[in-house]
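K.L.:
Just passing along the structure, written as structure tokens.
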Amino acid sequence: DPASLVLVDHAEYNLYAIDRELQDSADHDLKWTACLGDVTDAIRMDEIIARHRPDLVLHAAALKHVPLGERNPLQTLFTNVEGTRIMLELCVAHNVPSFTLVSTDKAVNTHNVMGASKAIAEMLTHAYNRRHDDFAACAVRFGNVLASAGSVIPLFEAQIARGGPVTVTHPDVTRYFMTTQEASALVLQATALNTTQRKSESSIYVLEMGEPVNIARLARQLIRLRGKVPDRDIDIIFTGLRDGETLDERIVADPEALESTYVDGLLHISGSAYDAAGVPANAIALTKALRARDMDAIRTTLHALLPAYTPNGTLSFKH
């Protein structure tokens with residue numbers, strides 16, 4: 001029951017679609033504003049925050065597709081790192097009390113550019129939370145959301161509707177899944193909970209995802225749900241792991257430990273995998289290098305931020 005919502009998106013059609021959905025909803029008392037803008041456009045973001053004075057910012061804007069991120073690493077890093085830094089800086093400047101970063105399990109022990117960019121975004125969030133006493137910033141880390149943009153299930157359903165084949169990267173690949181409703185509710189719960197936490201605590205939360213799902217088994221179940229027989233009516237073919245993908249994913253890094261909270265389904269990370277002290281300055285240096293397309297500086301700054309991360313392809317440390 002929010003007093004008002006400010007919806008910000010750089011994708012015109014997506015913003016139009018949710019604007020229409022709200023107009024057609026039964027809740028006619030809800031007040032909202034739809035604003036076109038890009039989180040890497042500091043002037044536009046400053047304009048929106050100054051005008052609407054939000055009490056909390058939920059930062060989900062990011063480039064999230066792993067293989068596309070591997071093929072477009074500079075844009076992925078720029079959008080996800082600089083977009084987060086700009087929003088954190090503006091929240092502090094305009095005295096916004098609360099900020100929540102929607103993060104991903106791919107930020108853990110990352111093997112891809114998208115995960116690396118979100119790991120840095122988590123570090124920035126943690127750094128700003130520790131640096132400013134009157135500002136509650138946190139990151140909420142979780143896996144795949146069923147039927148979200150880029151989710152595998154709509155892809156499988158479209159392939160089944162065409163008569164197949166259904167493409168799976170590897171017979172043993174597993175992923176965590178949760179519903180949109182679960183993810184949305186727990187992000188809000190984490191936002192509320194974080195305002196009561198001590199600054200000495202880590203500001204990263206993890207949604208309890210249950211057991212990982214075998215993707216090949218999921219594909220077979222979807223085929224059966226459509227009244228078809230896998231491998232007879234609809235073929236399943238294995239295409240191989242794509243750039244940046246791994247067989248499975250974790251929700252905590254090696255130095256991290258999980259603690260329960262009083263919110264069912266929400267866990268708190270005790271002990272951070274990152275030293276947040278020099279993160280904002282390094283993030284600014286990374287943005288400067290990205291704008292200049294200075295590959296040596298990009299590699300150097302990435303290594304300073306994430307020493308354990310070894311990029312592939314264009315960003316490879318090997319010359």
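Ordering of the structure tokens sets the chain letters (A, B, ...), residue numbers begin anew at 1 in every chain, and ligands are numbered from 1 in the order given.
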Please tabulate, as a Markdown table, the residues of region 235-308 of chain A that come within 12 Å of region 136-154 of chain A, each with its closest pair of atoms and the distance in Å to one decimal, counting only C-alpha atoms and ordering rows by chain, then residue number upward.
P.N.:
| residue | atom | partner | partner_atom | distance |
| --- | --- | --- | --- | --- |
| A:Asp248 | CA | A:Gly143 | CA | 11.0 |
| A:Glu249 | CA | A:Gly143 | CA | 8.5 |
| A:Arg250 | CA | A:Gly143 | CA | 9.0 |
| A:Ile251 | CA | A:Phe142 | CA | 7.0 |
| A:Val252 | CA | A:Arg141 | CA | 9.0 |
| A:Ala253 | CA | A:Arg141 | CA | 11.5 |
| A:Gly265 | CA | A:Phe142 | CA | 11.2 |
| A:Leu266 | CA | A:Val140 | CA | 9.3 |
| A:Leu267 | CA | A:Val140 | CA | 9.5 |
| A:His268 | CA | A:Val140 | CA | 9.3 |
| A:Ile269 | CA | A:Arg141 | CA | 10.1 |
K.L.:
Using C-alpha atoms, can you export the residues from the last selection as a PDB file, in the first residue's frame?
P.N.:
ATOM      1  CA  ASP A 248      25.638 -24.702 -11.237  1.00  0.00           C
ATOM      2  CA  GLU A 249      25.467 -21.542  -9.164  1.00  0.00           C
ATOM      3  CA  ARG A 250      25.991 -20.652  -5.509  1.00  0.00           C
ATOM      4  CA  ILE A 251      24.317 -18.026  -3.359  1.00  0.00           C
ATOM      5  CA  VAL A 252      27.219 -17.382  -0.960  1.00  0.00           C
ATOM      6  CA  ALA A 253      30.930 -16.818  -1.577  1.00  0.00           C
ATOM      7  CA  GLY A 265      12.772 -17.085   3.533  1.00  0.00           C
ATOM      8  CA  LEU A 266      15.269 -14.243   4.088  1.00  0.00           C
ATOM      9  CA  LEU A 267      18.864 -14.875   5.164  1.00  0.00           C
ATOM     10  CA  HIS A 268      21.579 -12.420   6.141  1.00  0.00           C
ATOM     11  CA  ILE A 269      25.242 -12.697   5.150  1.00  0.00           C
TER      12      ILE A 269
END
K.L.:
Let's see if you can do this: from backbone DSSP, list all alpha helix (DSSP H) residues in region 119-217 of chain A, as a JSON list (two decimals) with C-alpha atoms, in the first residue's frame.
P.N.:
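Contents of states_3.json, as written:
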[["chain", "number", "residue", "atom", "x", "y", "z"],
["A", 119, "ALA", "CA", 29.57, -8.10, -7.47],
["A", 120, "ILE", "CA", 31.04, -4.60, -7.79],
["A", 121, "ALA", "CA", 27.53, -3.13, -7.45],
["A", 122, "GLU", "CA", 27.14, -5.11, -4.20],
["A", 123, "MET", "CA", 30.49, -3.77, -2.97],
["A", 124, "LEU", "CA", 29.41, -0.21, -3.76],
["A", 125, "THR", "CA", 26.15, -0.70, -1.88],
["A", 126, "HIS", "CA", 28.01, -2.10, 1.13],
["A", 127, "ALA", "CA", 30.52, 0.77, 1.03],
["A", 128, "TYR", "CA", 27.86, 3.48, 0.94],
["A", 129, "ASN", "CA", 25.92, 1.77, 3.72],
["A", 130, "ARG", "CA", 29.00, 1.79, 5.95],
["A", 131, "ARG", "CA", 30.07, 5.32, 5.00],
["A", 152, "VAL", "CA", 14.35, -20.01, -19.75],
["A", 153, "ILE", "CA", 10.72, -21.06, -19.29],
["A", 154, "PRO", "CA", 9.16, -18.72, -21.90],
["A", 155, "LEU", "CA", 11.90, -19.86, -24.28],
["A", 156, "PHE", "CA", 11.07, -23.53, -23.68],
["A", 157, "GLU", "CA", 7.35, -22.86, -24.09],
["A", 158, "ALA", "CA", 7.92, -21.11, -27.42],
["A", 159, "GLN", "CA", 10.11, -23.98, -28.63],
["A", 160, "ILE", "CA", 7.49, -26.56, -27.59],
["A", 161, "ALA", "CA", 4.75, -24.57, -29.34],
["A", 180, "THR", "CA", 7.94, -13.10, -9.13],
["A", 181, "GLN", "CA", 5.66, -12.74, -6.10],
["A", 182, "GLU", "CA", 8.18, -14.41, -3.78],
["A", 183, "ALA", "CA", 11.08, -12.34, -5.07],
["A", 184, "SER", "CA", 9.18, -9.04, -4.89],
["A", 185, "ALA", "CA", 7.86, -9.66, -1.37],
["A", 186, "LEU", "CA", 11.25, -10.70, 0.01],
["A", 187, "VAL", "CA", 13.03, -7.73, -1.58],
["A", 188, "LEU", "CA", 10.62, -5.44, 0.27],
["A", 189, "GLN", "CA", 11.08, -7.43, 3.49],
["A", 190, "ALA", "CA", 14.87, -7.09, 3.19],
["A", 191, "THR", "CA", 14.51, -3.34, 2.61],
["A", 192, "ALA", "CA", 12.45, -2.97, 5.78],
["A", 193, "LEU", "CA", 14.74, -5.22, 7.81],
["A", 194, "ASN", "CA", 17.92, -3.44, 6.76],
["A", 215, "ILE", "CA", 17.15, -27.65, -16.36],
["A", 216, "ALA", "CA", 16.88, -30.76, -18.55],
["A", 217, "ARG", "CA", 14.33, -32.23, -16.12]]
K.L.:
Near region 226-237 of chain A, within 6 Å and counting only C-alpha atoms, which residues show up once chain neighbours fewer than 4 positions away are dropped, as a list in words?
P.N.:
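Counting only C-alpha atoms, the residues come to Gly164, Pro165, Val166, Thr167 and Arg220 of chain A.
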K.L.:
Can you list every residue of region 31-83 of chain A that has an atom at most 10 Å from region 276-298 of chain A, with its nearest atom pair and the distance in Å to one decimal, using only C-alpha atoms, ordered by chain then number, as a tab-separated table?
P.N.:
residue	atom	partner	partner_atom	distance
A:Pro73	CA	A:Leu290	CA	9.8
A:Leu74	CA	A:Leu290	CA	6.3
A:Gln75	CA	A:Leu290	CA	8.3
A:Leu77	CA	A:Leu290	CA	8.1
A:Phe78	CA	A:Thr287	CA	6.3
A:Thr79	CA	A:Thr287	CA	9.5
A:Val81	CA	A:Ala283	CA	7.0
A:Glu82	CA	A:Thr287	CA	6.4
K.L.:
Please report the interatomic distance between CA of Leu302 (chain A) and CA of Asn80 (chain A) in Å with one decimal.
P.N.:
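Pair CA of Leu302 (chain A) / CA of Asn80 (chain A) returns 13.5 Å.
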K.L.:
Where does DSSP see strand (DSSP E or B) in region 80-218 of chain A, if you list the residues as a list of chain:residue names?
P.N.:
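Taking region 80-218 of chain A and keeping strand (DSSP E or B) only, one gets A:Ser98, A:Phe99, A:Thr100, A:Leu101, A:Val102, A:Ser103, A:Thr104, A:Ala136, A:Ala137, A:Cys138, A:Ala139, A:Val140, A:Arg141, A:Phe142, A:Asn144, A:Val145, A:Val166, A:Thr167, A:Val168, A:Thr174, A:Arg175, A:Phe177, A:Met178, A:Ile204, A:Tyr205, A:Val206, A:Leu207, A:Val213, A:Asn214.
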K.L.:
Calculate how many Å separate CA of Asp55 (chain A) from CA of Val8 (chain A), rounding to one decimal.
P.N.:
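Atom-to-atom, CA of Asp55 (chain A) to CA of Val8 (chain A), that is 15.1 Å.
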